[in-house]
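Student: Quick one: this structure, given as C-alpha cells, is what I'll be asking you about.
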Amino acid sequence: MVTGGASGLGRATAAHIARSGGRVMVADLPGQSGLADEMISEFGADKVKFAACDVTSEEDVSGALAAMKAADWSINASVSCAGIAVAAKTLSKKGPHDLKMFSTVIKVNTIGTFNVARLAAEAMAANEADANGQRGVIINTASIAAMDGQIGQVAYASSKGAITAMTLPIARDLAPNGIRCMTVAPGLFLTPLLEKLPEKVQHHLGSQIPCPNRLGDPAEFGQLVGSIITNPMLNGETIRLDGAYRMPP
Ligand SMILES: CC(=O)CC(=O)SCCNC(=O)CCNC(=O)[C@H](O)C(C)(C)COP(=O)(O)OP(=O)(O)OC[C@H]1O[C@@H](n2cnc3c(N)ncnc32)[C@H](O)[C@@H]1OP(=O)(O)O
Ligand SMILES: NC(=O)C1=CN([C@@H]2O[C@H](COP(=O)(O)OP(=O)(O)OC[C@H]3O[C@@H](n4cnc5c(N)ncnc54)[C@H](O)[C@@H]3O)[C@@H](O)[C@H]2O)C=CC1
C-alpha cells in the first residue's frame, strides 16, 4: 500500500513496485482517483488498485486495508507518502503563526503517518513469517526539513521531525512481530509540487545540489523504497536522499 500514491514520490514508488512484479494499493484522497486511473490503465487492474483514503481517518485506512484483504492481496510493505506543506513564520508582520495551520500539518503528516503505520502493522502481523522471521516493512517519508528546517518551515519541519523520531520506537515495538520500520528523508525532488515553480527557479534550486547537480527524480525515491523493501537488515533508521544538499536558513 502506498499512501499519497497518485502523485509525485508516491506515484513513482507505486510504479516501481508494479514494474518490479508487485501489486499496489494506491491510497489517496478521493479527488486523486483520476490520476490513479491512469496508473491502473498503464499497469492493469490486477497490479494496481485505488482506495479513496484520507490518512487521518481510521475508517478510511482500515477500508483500504480491507479492500486489499478482499482482493486476496497480503500487505508486505506500507509506504506513507501522503503529506502537505505550508510556509509561515513563528512570528511575522501579520502576527503569530496560525495555530490551526500548525495543527493541520501535524494532523496530516505526523498523525496520518502513524495512523497508517499502526493499522498496517496489525494487518502485517497476520502474515506468515519469511526465512528471516519477517512479516513486512513500514516505510515513512520525512524530509531533510526535519533536520534543516528553513525560515517559514516550523510546522512542516516539526511534522517531519516527529516522523523521523517515531522510526526507532516503531521498529523496536514491532520487532517481536517481525515488522521493520524505516524512514526516507528526501531533499528536493521534481514532483508536481516543484513543477509548479517557474523553470528558472527549478534550475536555481537544482544548481544548489552538490552531486548530482540537479533536482531528484521521483524514480530515484521509488528505487530506494524498493531497496528498503528487499533488504532485511535495514531497520529503525532514517536515510537522507539528497545528493549531499543541506538547506540554508
Ligand atoms: C525538502 C522538502 O521537504 C521540500 C522543501 O522543504 S523545499 C524548501 C521549502 N522552503 C520553504 O518553503 C521556505 C518557507 N518560507 C517562506 O516561503 C517565507 O519565509 C515565508 C513566506 C514564510 C515568509 O516570507 P515573507 O513573506 O518575506 O515573511 P515576512 O513575515 O513578511 O518577513 C519578512 C522578513 O523575513 C525575511 N525572510 C523571509 N524568508 C526568508 C528566508 N527564507 N531567508 C532569509 N530571510 C527571510 C525577509 O527577507 C524579511 O526580512 P525584513 O523584514 O528584514 O525585510
Ligand atoms: N517533492 C519534494 O521535494 C519532497 C517531498 N517530501 C515529502 O514527500 C511526500 C510526497 O510529496 P510529493 O510527492 O512531492 O507531493 P505531491 O503533492 O505530489 O503528493 C502528495 C500526495 O499526498 C496526497 N495527500 C495529501 N493529503 C492527504 C491525506 N490527508 N490523505 C491521503 N493522501 C493525501 C495528495 O493527494 C497527493 O497525491 C510528502 O510527504 C512530502 O512532504 C519530502 C521532501 C522533499
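Quick note on naming: the chains in the C-alpha cells go A, B, ... in the order shown, residues restart at 1 in each chain, and ligands are numbered from 1 in order of appearance.
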Enumerate as a JSON list (two decimals) with N, CA, C and O atoms, in the first residue's frame the residues within 6 Å of ligand 1, counting only C-alpha atoms and all ligand atoms.

Tutor:
```
[["chain", "number", "residue", "atom", "x", "y", "z"],
["A", 87, "ALA", "N", 3.91, 27.34, 4.42],
["A", 87, "ALA", "CA", 5.02, 28.25, 4.68],
["A", 87, "ALA", "C", 4.52, 29.42, 5.52],
["A", 87, "ALA", "O", 3.70, 30.22, 5.06],
["A", 88, "ALA", "N", 4.95, 29.49, 6.77],
["A", 88, "ALA", "CA", 4.58, 30.61, 7.66],
["A", 88, "ALA", "C", 5.59, 30.68, 8.79],
["A", 88, "ALA", "O", 6.04, 29.65, 9.29],
["A", 89, "LYS", "N", 5.93, 31.91, 9.19],
["A", 89, "LYS", "CA", 6.92, 32.08, 10.25],
["A", 89, "LYS", "C", 6.26, 32.04, 11.64],
["A", 89, "LYS", "O", 5.06, 32.29, 11.78],
["A", 92, "SER", "N", 5.37, 36.87, 12.35],
["A", 92, "SER", "CA", 5.64, 37.72, 11.18],
["A", 92, "SER", "C", 4.90, 39.03, 11.37],
["A", 92, "SER", "O", 4.22, 39.23, 12.39],
["A", 93, "LYS", "N", 5.00, 39.88, 10.34],
["A", 93, "LYS", "CA", 4.30, 41.18, 10.43],
["A", 93, "LYS", "C", 2.80, 40.98, 10.57],
["A", 93, "LYS", "O", 2.08, 41.82, 11.09],
["A", 143, "SER", "N", 11.57, 14.38, 5.55],
["A", 143, "SER", "CA", 12.10, 15.42, 4.65],
["A", 143, "SER", "C", 13.41, 15.88, 5.27],
["A", 143, "SER", "O", 13.59, 15.76, 6.50],
["A", 144, "ILE", "N", 14.30, 16.43, 4.45],
["A", 144, "ILE", "CA", 15.51, 17.00, 5.05],
["A", 144, "ILE", "C", 15.15, 18.22, 5.91],
["A", 144, "ILE", "O", 15.94, 18.65, 6.73],
["A", 145, "ALA", "N", 13.90, 18.71, 5.75],
["A", 145, "ALA", "CA", 13.44, 19.80, 6.63],
["A", 145, "ALA", "C", 13.34, 19.33, 8.08],
["A", 145, "ALA", "O", 13.31, 20.15, 9.00],
["A", 150, "GLN", "N", 13.84, 25.40, 7.22],
["A", 150, "GLN", "CA", 14.14, 26.79, 6.82],
["A", 150, "GLN", "C", 13.22, 27.79, 7.54],
["A", 150, "GLN", "O", 12.23, 27.39, 8.17],
["A", 151, "ILE", "N", 13.53, 29.04, 7.37],
["A", 151, "ILE", "CA", 12.63, 30.10, 7.85],
["A", 151, "ILE", "C", 11.26, 29.85, 7.21],
["A", 151, "ILE", "O", 11.17, 29.60, 6.00],
["A", 152, "GLY", "N", 10.22, 29.86, 8.02],
["A", 152, "GLY", "CA", 8.87, 29.63, 7.50],
["A", 152, "GLY", "C", 8.48, 28.16, 7.44],
["A", 152, "GLY", "O", 7.42, 27.81, 6.94],
["A", 153, "GLN", "N", 9.34, 27.26, 7.96],
["A", 153, "GLN", "CA", 9.03, 25.83, 7.88],
["A", 153, "GLN", "C", 8.78, 25.20, 9.24],
["A", 153, "GLN", "O", 8.90, 23.98, 9.40],
["A", 187, "GLY", "N", 15.50, 15.12, -0.19],
["A", 187, "GLY", "CA", 15.89, 16.52, -0.41],
["A", 187, "GLY", "C", 14.90, 17.14, -1.38],
["A", 187, "GLY", "O", 13.69, 17.05, -1.18],
["A", 188, "LEU", "N", 15.39, 17.74, -2.46],
["A", 188, "LEU", "CA", 14.49, 18.42, -3.41],
["A", 188, "LEU", "C", 14.23, 17.53, -4.62],
["A", 188, "LEU", "O", 15.16, 17.22, -5.37],
["A", 249, "PRO", "N", 19.28, 28.66, 5.75],
["A", 249, "PRO", "CA", 18.16, 29.21, 6.55],
["A", 249, "PRO", "C", 17.01, 29.70, 5.66],
["A", 249, "PRO", "O", 15.86, 29.56, 6.01]]
```

Student: Write out as a VMD selection string which residues come within 12 Å of Ser20 in chain A when counting only C-alpha atoms, dropping same-chain ones fewer than 3 positions away.

Tutor: chain A and resid 13 to 17 23 to 24 43 47 222 to 223 225 to 227 229 to 230

Student: Per residue of chain A within 9 Å of ligand 2, record the nearest atom pair and its distance in Å to one decimal, counting only C-alpha atoms and all ligand atoms, with rows in chain order and ascending residue number, as CSV.

Tutor:
```
residue,atom,partner,partner_atom_place_in_ligand_line,distance
A:Thr3,CA,ligand 2,32 (N),5.8
A:Gly4,CA,ligand 2,22 (O),3.5
A:Gly5,CA,ligand 2,37 (O),6.0
A:Ala6,CA,ligand 2,37 (O),4.8
A:Ser7,CA,ligand 2,37 (O),4.2
A:Gly8,CA,ligand 2,13 (O),3.3
A:Leu9,CA,ligand 2,13 (O),3.9
A:Gly10,CA,ligand 2,13 (O),5.7
A:Arg11,CA,ligand 2,13 (O),7.4
A:Ala12,CA,ligand 2,13 (O),8.5
A:Ala27,CA,ligand 2,31 (C),6.6
A:Asp28,CA,ligand 2,32 (N),4.1
A:Leu29,CA,ligand 2,31 (C),4.7
A:Pro30,CA,ligand 2,35 (O),8.1
A:Gly31,CA,ligand 2,35 (O),7.3
A:Gln32,CA,ligand 2,35 (O),5.9
A:Leu35,CA,ligand 2,37 (O),8.5
A:Ala52,CA,ligand 2,31 (C),8.0
A:Cys53,CA,ligand 2,31 (C),5.5
A:Asp54,CA,ligand 2,30 (N),3.4
A:Val55,CA,ligand 2,30 (N),4.0
A:Thr56,CA,ligand 2,29 (N),5.8
A:Ser57,CA,ligand 2,29 (N),8.2
A:Ser80,CA,ligand 2,39 (O),7.5
A:Cys81,CA,ligand 2,9 (C),4.4
A:Ala82,CA,ligand 2,22 (O),3.5
A:Gly83,CA,ligand 2,39 (O),3.5
A:Ile84,CA,ligand 2,25 (C),5.6
A:Ala85,CA,ligand 2,41 (O),6.2
A:Lys107,CA,ligand 2,29 (N),8.3
A:Val108,CA,ligand 2,29 (N),5.2
A:Asn109,CA,ligand 2,39 (O),6.6
A:Gly112,CA,ligand 2,29 (N),6.9
A:Asn140,CA,ligand 2,39 (O),8.4
A:Thr141,CA,ligand 2,39 (O),5.5
A:Ala142,CA,ligand 2,42 (C),5.7
A:Ser143,CA,ligand 2,43 (C),4.0
A:Ile144,CA,ligand 2,43 (C),6.3
A:Ala145,CA,ligand 2,43 (C),7.3
A:Tyr156,CA,ligand 2,41 (O),7.8
A:Lys160,CA,ligand 2,41 (O),7.7
A:Val184,CA,ligand 2,42 (C),8.4
A:Ala185,CA,ligand 2,43 (C),6.2
A:Pro186,CA,ligand 2,43 (C),4.3
A:Gly187,CA,ligand 2,44 (C),4.9
A:Leu188,CA,ligand 2,3 (O),3.6
A:Phe189,CA,ligand 2,3 (O),3.7
A:Leu190,CA,ligand 2,1 (N),5.9
A:Thr191,CA,ligand 2,14 (O),4.8
A:Pro192,CA,ligand 2,18 (O),4.9
A:Leu193,CA,ligand 2,14 (O),5.4
A:Leu194,CA,ligand 2,1 (N),6.6
A:Leu215,CA,ligand 2,3 (O),8.2
A:Gly216,CA,ligand 2,3 (O),7.5
A:Pro218,CA,ligand 2,13 (O),7.8
A:Leu241,CA,ligand 2,43 (C),8.9
A:Asp242,CA,ligand 2,44 (C),8.8
```

Student: Determine which residues of range 1-222 of chain A DSSP labels as helix (DSSP H, G or I) from the backbone of this structure, then write them out as a PyMOL selection string.

Tutor: chain A and resi 8-19+30-43+58-70+99-124+145-148+154-177+192-195+199-207+218-222

Student: Would you mind exporting the chosen residues as a CSV table (one decimal), in the first residue's frame, restricted to C-alpha atoms?

Tutor:
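out32.csv, written as the output of this step:
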```
chain,number,residue,atom,x,y,z
A,8,GLY,CA,4.8,12.6,-7.1
A,9,LEU,CA,7.0,10.4,-4.9
A,10,GLY,CA,4.2,8.1,-4.0
A,11,ARG,CA,3.3,7.6,-7.7
A,12,ALA,CA,6.9,6.8,-8.6
A,13,THR,CA,7.0,4.3,-5.7
A,14,ALA,CA,3.8,2.6,-6.8
A,15,ALA,CA,5.2,2.4,-10.4
A,16,HIS,CA,8.5,1.0,-9.2
A,17,ILE,CA,6.7,-1.7,-7.2
A,18,ALA,CA,4.3,-2.6,-10.2
A,19,ARG,CA,7.3,-2.7,-12.6
A,30,PRO,CA,-10.9,10.8,-3.5
A,31,GLY,CA,-10.0,13.8,-5.8
A,32,GLN,CA,-6.9,11.9,-7.0
A,33,SER,CA,-8.9,8.9,-8.4
A,34,GLY,CA,-8.3,10.2,-12.0
A,35,LEU,CA,-4.6,10.1,-11.5
A,36,ALA,CA,-4.8,6.6,-10.1
A,37,ASP,CA,-7.0,5.5,-13.1
A,38,GLU,CA,-4.0,6.5,-15.3
A,39,MET,CA,-1.8,4.1,-13.4
A,40,ILE,CA,-4.5,1.3,-13.5
A,41,SER,CA,-4.6,1.7,-17.3
A,42,GLU,CA,-0.8,1.6,-17.5
A,43,PHE,CA,-0.2,-1.4,-15.3
A,58,GLU,CA,-9.1,5.4,11.0
A,59,GLU,CA,-12.1,4.2,8.9
A,60,ASP,CA,-10.5,5.1,5.5
A,61,VAL,CA,-7.2,3.4,6.3
A,62,SER,CA,-8.9,0.3,7.6
A,63,GLY,CA,-11.1,0.4,4.5
A,64,ALA,CA,-8.1,0.5,2.2
A,65,LEU,CA,-6.5,-2.5,4.1
A,66,ALA,CA,-9.9,-4.3,4.0
A,67,ALA,CA,-10.1,-3.8,0.2
A,68,MET,CA,-6.6,-5.5,-0.1
A,69,LYS,CA,-7.8,-8.4,2.0
A,70,ALA,CA,-11.0,-8.7,0.0
A,99,LEU,CA,-2.4,27.6,15.3
A,100,LYS,CA,-4.9,25.8,13.2
A,101,MET,CA,-2.5,25.7,10.3
A,102,PHE,CA,0.2,24.2,12.6
A,103,SER,CA,-2.3,21.6,13.8
A,104,THR,CA,-3.4,20.7,10.3
A,105,VAL,CA,0.1,19.9,9.1
A,106,ILE,CA,0.8,17.8,12.2
A,107,LYS,CA,-2.5,16.0,11.7
A,108,VAL,CA,-1.9,15.0,8.1
A,109,ASN,CA,1.9,14.4,8.2
A,110,THR,CA,2.5,13.1,11.6
A,111,ILE,CA,-0.7,11.6,12.9
A,112,GLY,CA,-1.7,10.4,9.4
A,113,THR,CA,1.7,8.6,9.1
A,114,PHE,CA,1.3,7.0,12.5
A,115,ASN,CA,-2.3,6.0,11.8
A,116,VAL,CA,-1.2,4.2,8.7
A,117,ALA,CA,1.7,2.5,10.5
A,118,ARG,CA,-0.3,1.2,13.4
A,119,LEU,CA,-3.1,-0.2,11.2
A,120,ALA,CA,-0.8,-1.6,8.6
A,121,ALA,CA,1.2,-3.3,11.4
A,122,GLU,CA,-1.9,-5.0,12.6
A,123,ALA,CA,-2.6,-6.4,9.1
A,124,MET,CA,1.0,-7.4,8.5
A,145,ALA,CA,13.4,19.8,6.6
A,146,ALA,CA,13.3,17.5,9.7
A,147,MET,CA,17.0,18.4,10.2
A,148,ASP,CA,17.5,21.6,8.2
A,154,VAL,CA,8.3,25.5,11.6
A,155,ALA,CA,5.1,23.5,11.1
A,156,TYR,CA,6.4,21.3,8.3
A,157,ALA,CA,9.7,20.6,9.9
A,158,SER,CA,8.0,19.7,13.2
A,159,SER,CA,5.7,17.3,11.5
A,160,LYS,CA,8.6,15.6,9.7
A,161,GLY,CA,10.9,15.6,12.7
A,162,ALA,CA,8.3,13.6,14.5
A,163,ILE,CA,8.2,11.1,11.7
A,164,THR,CA,12.0,10.7,12.0
A,165,ALA,CA,11.7,10.3,15.8
A,166,MET,CA,9.0,7.7,15.6
A,167,THR,CA,11.1,5.4,13.4
A,168,LEU,CA,13.2,3.7,16.0
A,169,PRO,CA,10.5,3.2,18.6
A,170,ILE,CA,8.1,1.7,16.0
A,171,ALA,CA,10.9,-0.6,14.8
A,172,ARG,CA,11.5,-1.6,18.4
A,173,ASP,CA,7.8,-2.1,19.2
A,174,LEU,CA,7.2,-4.2,16.1
A,175,ALA,CA,10.4,-6.3,16.2
A,176,PRO,CA,8.6,-9.2,18.1
A,177,ASN,CA,6.1,-9.2,15.2
A,192,PRO,CA,4.1,18.4,-9.1
A,193,LEU,CA,4.9,20.5,-6.1
A,194,LEU,CA,8.1,21.9,-7.6
A,195,GLU,CA,6.9,21.6,-11.2
A,199,GLU,CA,11.7,26.7,-14.8
A,200,LYS,CA,14.3,29.3,-13.9
A,201,VAL,CA,13.5,28.7,-10.2
A,202,GLN,CA,13.6,24.9,-10.6
A,203,HIS,CA,17.0,25.2,-12.3
A,204,HIS,CA,18.3,27.5,-9.5
A,205,LEU,CA,17.2,25.0,-6.8
A,206,GLY,CA,18.7,22.1,-8.7
A,207,SER,CA,22.0,24.0,-9.1
A,218,PRO,CA,11.0,10.7,-8.2
A,219,ALA,CA,12.0,7.4,-9.7
A,220,GLU,CA,15.1,7.6,-7.5
A,221,PHE,CA,12.9,7.7,-4.4
A,222,GLY,CA,11.0,4.7,-5.7
```

Student: By how many Å are CA of Val86 in chain A and CA of Arg240 in chain A apart?

Tutor: 21.2 Å

Student: Work out how far CA of Gly136 in chain A is from CA of Trp73 in chain A, in Å to one decimal.

Tutor: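 Computed distance, CA of Trp73 in chain A to CA of Gly136 in chain A, equals 13.2 Å.
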
Student: Between CA of Gly44 in chain A and CA of Ser74 in chain A, what distance in Å does the model show, to one decimal?

Tutor: 18.0 Å

Student: How would you write, as number ranges by chain, the set of residues in range 34-237 of chain A that DSSP gives as strand (DSSP E or B)?

Tutor: A: 48-52, 77-80, 88, 91-92, 95-96, 136-141, 153, 179-186, 189, 216

Student: For Val2 in chain A, which residue among A:Asn76, A:Asn132, A:Thr90, A:Asn127 is the nearest when counting only C-alpha atoms?

Tutor: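 Checking each of A:Asn76, A:Asn132, A:Thr90, A:Asn127 against Val2 in chain A, counting only C-alpha atoms, the winner is A:Asn76.
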